[in-house]
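Student: Contents of entry-v1.cif (mmCIF, C-alpha atoms) are given next:
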```cif
data_structure
loop_
_atom_site.label_atom_id
_atom_site.label_comp_id
_atom_site.auth_asym_id
_atom_site.auth_seq_id
_atom_site.Cartn_x
_atom_site.Cartn_y
_atom_site.Cartn_z
CA MET A 301 -16.81 -25.85 -48.23
CA ARG A 302 -16.71 -28.40 -45.46
CA ARG A 303 -13.07 -27.61 -44.71
CA ALA A 304 -13.83 -23.84 -44.54
CA LEU A 305 -16.73 -24.46 -42.17
CA HIS A 306 -14.54 -26.65 -39.94
CA GLY A 307 -11.91 -23.87 -39.74
CA THR A 308 -14.55 -21.31 -38.74
CA VAL A 309 -15.91 -23.56 -36.00
CA SER A 310 -12.40 -24.16 -34.64
CA ARG A 311 -11.61 -20.45 -34.55
CA ALA A 312 -14.92 -19.75 -32.85
CA ARG A 313 -14.20 -22.45 -30.27
CA VAL A 314 -10.72 -20.98 -29.60
CA ALA A 315 -12.23 -17.50 -29.23
CA VAL A 316 -14.75 -18.77 -26.68
CA TRP A 317 -12.02 -20.51 -24.67
CA LEU A 318 -9.81 -17.42 -24.70
CA THR A 319 -12.72 -15.27 -23.55
CA LEU A 320 -13.45 -17.64 -20.69
CA LEU A 321 -9.81 -17.82 -19.65
CA LEU A 322 -9.16 -14.09 -19.78
CA ALA A 323 -12.44 -12.87 -18.28
CA PRO A 324 -11.33 -13.32 -14.64
CA ALA A 325 -8.06 -11.40 -15.23
CA PRO A 326 -9.37 -7.94 -14.17
CA PHE A 327 -10.96 -9.48 -11.09
CA ALA A 328 -7.71 -11.23 -10.18
CA ALA A 329 -5.86 -7.90 -10.30
CA ALA A 330 -8.49 -6.26 -8.08
CA ASP A 331 -8.32 -9.20 -5.66
CA ALA A 332 -4.53 -8.98 -5.52
CA GLU A 333 -4.70 -5.24 -4.82
CA ARG A 334 -7.31 -5.79 -2.10
CA SER A 335 -5.19 -8.55 -0.59
CA ARG A 336 -2.16 -6.21 -0.56
CA TYR A 337 -4.31 -3.49 1.03
CA ASP A 338 -5.33 -5.91 3.79
CA GLU A 339 -1.73 -7.03 4.32
CA LEU A 340 -0.43 -3.47 4.67
CA LYS A 341 -3.34 -2.54 6.94
CA ARG A 342 -2.43 -5.49 9.19
CA VAL A 343 1.19 -4.29 9.37
CA ILE A 344 -0.03 -0.87 10.50
CA ASP A 345 -2.42 -2.33 13.06
CA ARG A 346 0.18 -4.73 14.51
CA ASN A 347 2.73 -1.93 14.97
CA THR A 348 0.50 0.80 16.36
CA GLY A 349 1.44 2.20 19.73
CA PHE A 350 -0.73 3.13 22.69
CA ALA A 351 -0.07 6.04 25.01
CA HIS A 352 -2.41 7.64 27.50
CA MET A 353 -5.08 5.15 26.44
CA THR A 354 -4.96 6.50 22.87
CA ARG A 355 -4.01 4.49 19.79
CA GLY A 356 -1.42 6.21 17.64
CA MET A 357 1.28 5.98 15.02
CA ASN A 358 4.94 6.05 16.02
CA MET A 359 8.30 5.39 14.34
CA TYR A 360 7.82 1.64 14.77
CA THR A 361 4.63 1.89 12.73
CA LEU A 362 6.36 3.87 9.97
CA ILE A 363 9.44 1.62 9.87
CA ALA A 364 7.38 -1.56 9.76
CA LEU A 365 5.25 -0.34 6.86
CA ARG A 366 8.16 1.28 4.98
CA SER A 367 10.12 -1.98 5.13
CA CYS A 368 7.23 -3.71 3.34
CA VAL A 369 6.65 -1.40 0.40
CA THR A 370 8.22 -0.22 -2.84
CA ASP A 371 7.18 2.25 -5.53
CA HIS A 372 4.89 -0.48 -6.91
CA ASP A 373 2.74 -0.16 -3.77
CA ILE A 374 1.95 3.54 -4.26
CA PRO A 375 -1.56 2.81 -5.66
CA VAL A 376 -2.36 0.73 -2.56
CA LEU A 377 -0.84 3.33 -0.22
CA THR A 378 -3.00 5.93 -1.98
CA GLN A 379 -6.06 3.83 -1.14
CA LEU A 380 -4.90 3.66 2.49
CA LEU A 381 -4.97 7.48 2.57
CA THR A 382 -8.77 7.31 2.37
CA ASP A 383 -9.16 4.66 5.06
CA ARG A 384 -11.55 5.59 7.89
CA ASP A 385 -8.78 5.04 10.45
CA HIS A 386 -6.74 8.19 11.03
CA VAL A 387 -3.65 6.21 12.12
CA THR A 388 -3.74 4.33 8.81
CA GLN A 389 -3.98 7.60 6.89
CA LEU A 390 -1.06 9.15 8.79
CA THR A 391 1.14 6.09 8.34
CA ALA A 392 0.42 5.73 4.62
CA ALA A 393 1.11 9.43 4.04
CA GLY A 394 4.37 9.31 6.00
CA VAL A 395 5.60 6.31 4.07
CA MET A 396 4.59 7.81 0.72
CA ALA A 397 6.60 10.93 1.60
CA ASP A 398 9.59 8.60 2.10
CA LEU A 399 9.24 7.04 -1.36
CA GLY A 400 10.93 9.93 -3.16
CA GLU A 401 9.52 11.67 -6.21
CA ALA A 402 7.12 8.83 -7.04
CA GLY A 403 5.66 8.99 -3.54
CA LYS A 404 5.32 12.77 -3.64
CA ARG A 405 3.65 12.56 -7.05
CA GLY A 406 1.19 10.02 -5.57
CA LEU A 407 0.51 12.34 -2.63
CA ARG A 408 -0.17 15.29 -4.95
CA GLN A 409 -2.60 13.20 -7.00
CA ALA A 410 -4.32 11.99 -3.83
CA LEU A 411 -4.56 15.58 -2.58
CA ALA A 412 -6.45 16.58 -5.72
CA ALA A 413 -8.95 13.76 -5.09
CA ALA A 414 -9.10 13.95 -1.28
CA PRO A 415 -12.68 13.41 -0.11
CA ASP A 416 -12.55 15.54 3.03
CA VAL A 417 -10.65 18.20 4.98
CA ARG A 418 -8.97 15.74 7.35
CA THR A 419 -7.53 13.67 4.50
CA ARG A 420 -6.33 16.83 2.73
CA SER A 421 -4.65 17.98 5.94
CA VAL A 422 -2.85 14.64 6.40
CA ILE A 423 -1.59 14.74 2.80
CA GLU A 424 -0.50 18.39 2.99
CA ASP A 425 1.47 17.66 6.19
CA ALA A 426 3.18 14.69 4.52
CA LEU A 427 4.12 16.81 1.50
CA ARG A 428 5.60 19.50 3.78
CA GLU A 429 7.56 16.82 5.63
CA ALA A 430 8.82 15.34 2.35
CA GLU A 431 10.23 18.75 1.37
CA SER A 432 11.87 19.43 4.74
CA ALA A 433 15.64 19.94 4.65
CA THR A 434 16.04 18.12 7.99
CA ARG A 435 14.04 15.05 7.00
CA ARG A 436 15.85 11.74 7.00
CA PRO A 437 14.72 8.45 5.45
CA ILE A 438 12.50 6.29 7.65
CA LEU A 439 14.70 3.21 7.31
CA ASP A 440 17.72 5.20 8.57
CA TYR A 441 16.06 5.63 11.96
CA PRO A 442 18.36 4.12 14.60
CA LEU A 443 16.98 0.94 16.12
CA SER A 444 18.71 -1.73 18.15
CA GLN A 445 18.62 -5.31 16.91
CA GLN A 446 16.14 -6.12 19.69
CA GLU A 447 13.83 -3.31 18.58
CA ARG A 448 14.04 -4.43 14.95
CA GLN A 449 13.04 -7.96 15.92
CA ARG A 450 9.97 -6.66 17.77
CA LEU A 451 8.61 -5.04 14.62
CA ARG A 452 5.95 -7.07 12.87
CA GLY A 453 6.36 -6.51 9.17
CA CYS A 454 5.05 -8.23 6.07
CA GLY A 455 5.02 -11.96 5.50
CA PRO A 456 4.87 -14.94 7.80
CA SER A 457 8.12 -14.25 9.68
CA GLY A 458 6.92 -10.91 10.98
CA GLY A 459 10.20 -9.44 12.26
CA LEU A 460 12.60 -7.40 10.19
CA GLN A 461 16.19 -8.40 9.58
#
```
For the file at hand, write its structure as structure tokens.

Tutor:
Amino acid sequence: MRRALHGTVSRARVAVWLTLLLAPAPFAAADAERSRYDELKRVIDRNTGFAHMTRGMNMYTLIALRSCVTDHDIPVLTQLLTDRDHVTQLTAAGVMADLGEAGKRGLRQALAAAPDVRTRSVIEDALREAESATRRPILDYPLSQQERQRLRGCGPSGGLQ
């Protein structure tokens, strides 16, 4: 009897420890996604151009963000589509269109859930661009070595190689 009771207490103790150790796991994933969101948003902001006293996206913005992402970032890029900043929306949509079928699938899903007309318009434009016969990949855009070094991408080094 005593041995059976001891085994039950040990299992209960292990269960409590496992619960305590695993409880923060969903929060860690959300924190990592938020951190990635912030990192990609910074890349967009650091590579945004200004013309005629207006802030806007240009090829440098697209190239900088595209060089930082893979298909694994599509959920974060989808979140960026709903950002209040129009430049962020445009850049995220353009990069998603460049991520092939997975990116287009993400854009279609985001279109179905788009909260407003402006966001829907941005996504529809990106989907049209993705299907264009004359479209070429963002990373194939011709840049000199000096221009590439001026881009501020992901990570501590900033520039792209």

Student: One decimal, in Å: what's the spacing between CA of Gly403 (chain A) and CA of Ala351 (chain A)?

Tutor: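 Between CA of Gly403 (chain A) and CA of Ala351 (chain A) the gap is 29.3 Å.
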
Student: Running the PyMOL selection byres ((chain A and resi 448) around 12) on this model by hand, what would come out? Give it as a ChimeraX atom specification.

Tutor: /A:347,359-361,363-364,367,439,441-447,449-453,458-461

Student: Quote the spacing between CA of Arg428 (chain A) and CA of Ala397 (chain A) in Å to one decimal place.

Tutor: 8.9 Å

Student: To one decimal place in Å, what is the distance between CA of Gly356 (chain A) and CA of Ile438 (chain A)?

Tutor: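 Here the two named atoms are 17.1 Å from each other.
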
Student: Got a sec: who's within 8 Å of Thr391 (chain A), counting all atoms listed in the file, leaving out chain neighbours fewer than 6 positions off, as a PyMOL selection string?

Tutor: chain A and resi 344+357+361-362+365

Student: Kindly export the residues of the current selection with C-alpha atoms, as a PDB file, in the frame of the given file.

Tutor:
```
ATOM      1  CA  ILE A 344      -0.030  -0.870  10.500  1.00  0.00           C
ATOM      2  CA  MET A 357       1.280   5.980  15.020  1.00  0.00           C
ATOM      3  CA  THR A 361       4.630   1.890  12.730  1.00  0.00           C
ATOM      4  CA  LEU A 362       6.360   3.870   9.970  1.00  0.00           C
ATOM      5  CA  LEU A 365       5.250  -0.340   6.860  1.00  0.00           C
TER       6      LEU A 365
END
```

Student: Point out the residue among A:Leu380, A:Asp416, A:Arg366, A:Ser432 with the least atom-to-atom distance to Glu333 (chain A), counting all atoms listed in the file.

Tutor: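 Of A:Leu380, A:Asp416, A:Arg366, A:Ser432, the one nearest Glu333 (chain A), counting all atoms listed in the file, is A:Leu380.
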
Student: Excluding Leu407 (chain A) and residues on its chain fewer than 5 positions from it, collect all residues at most 12 Å away from it, counting only C-alpha atoms, and give them as a PyMOL selection string.

Tutor: chain A and resi 374-382+389-390+392-402+412-414+419-430

Student: For Lys341 (chain A), which residue out of A:Ala410, A:Val417, A:Ala433, A:Val387 is the nearest one, using all atoms listed in the file?

Tutor: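 Among A:Ala410, A:Val417, A:Ala433, A:Val387, it is A:Val387 that comes nearest to Lys341 (chain A).
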
Student: Set up a box along x, y and z of the file covering all listed atoms of region 435-454 of chain A, add 4 Å on every one of the six sides, and write the centre and edge lengths in Å to one decimal, as AutoDock Vina command-line options.

Tutor:
```
--center_x 11.9 --center_y 3.4 --center_z 12.6 --size_x 21.7 --size_y 31.3 --size_z 22.2
```
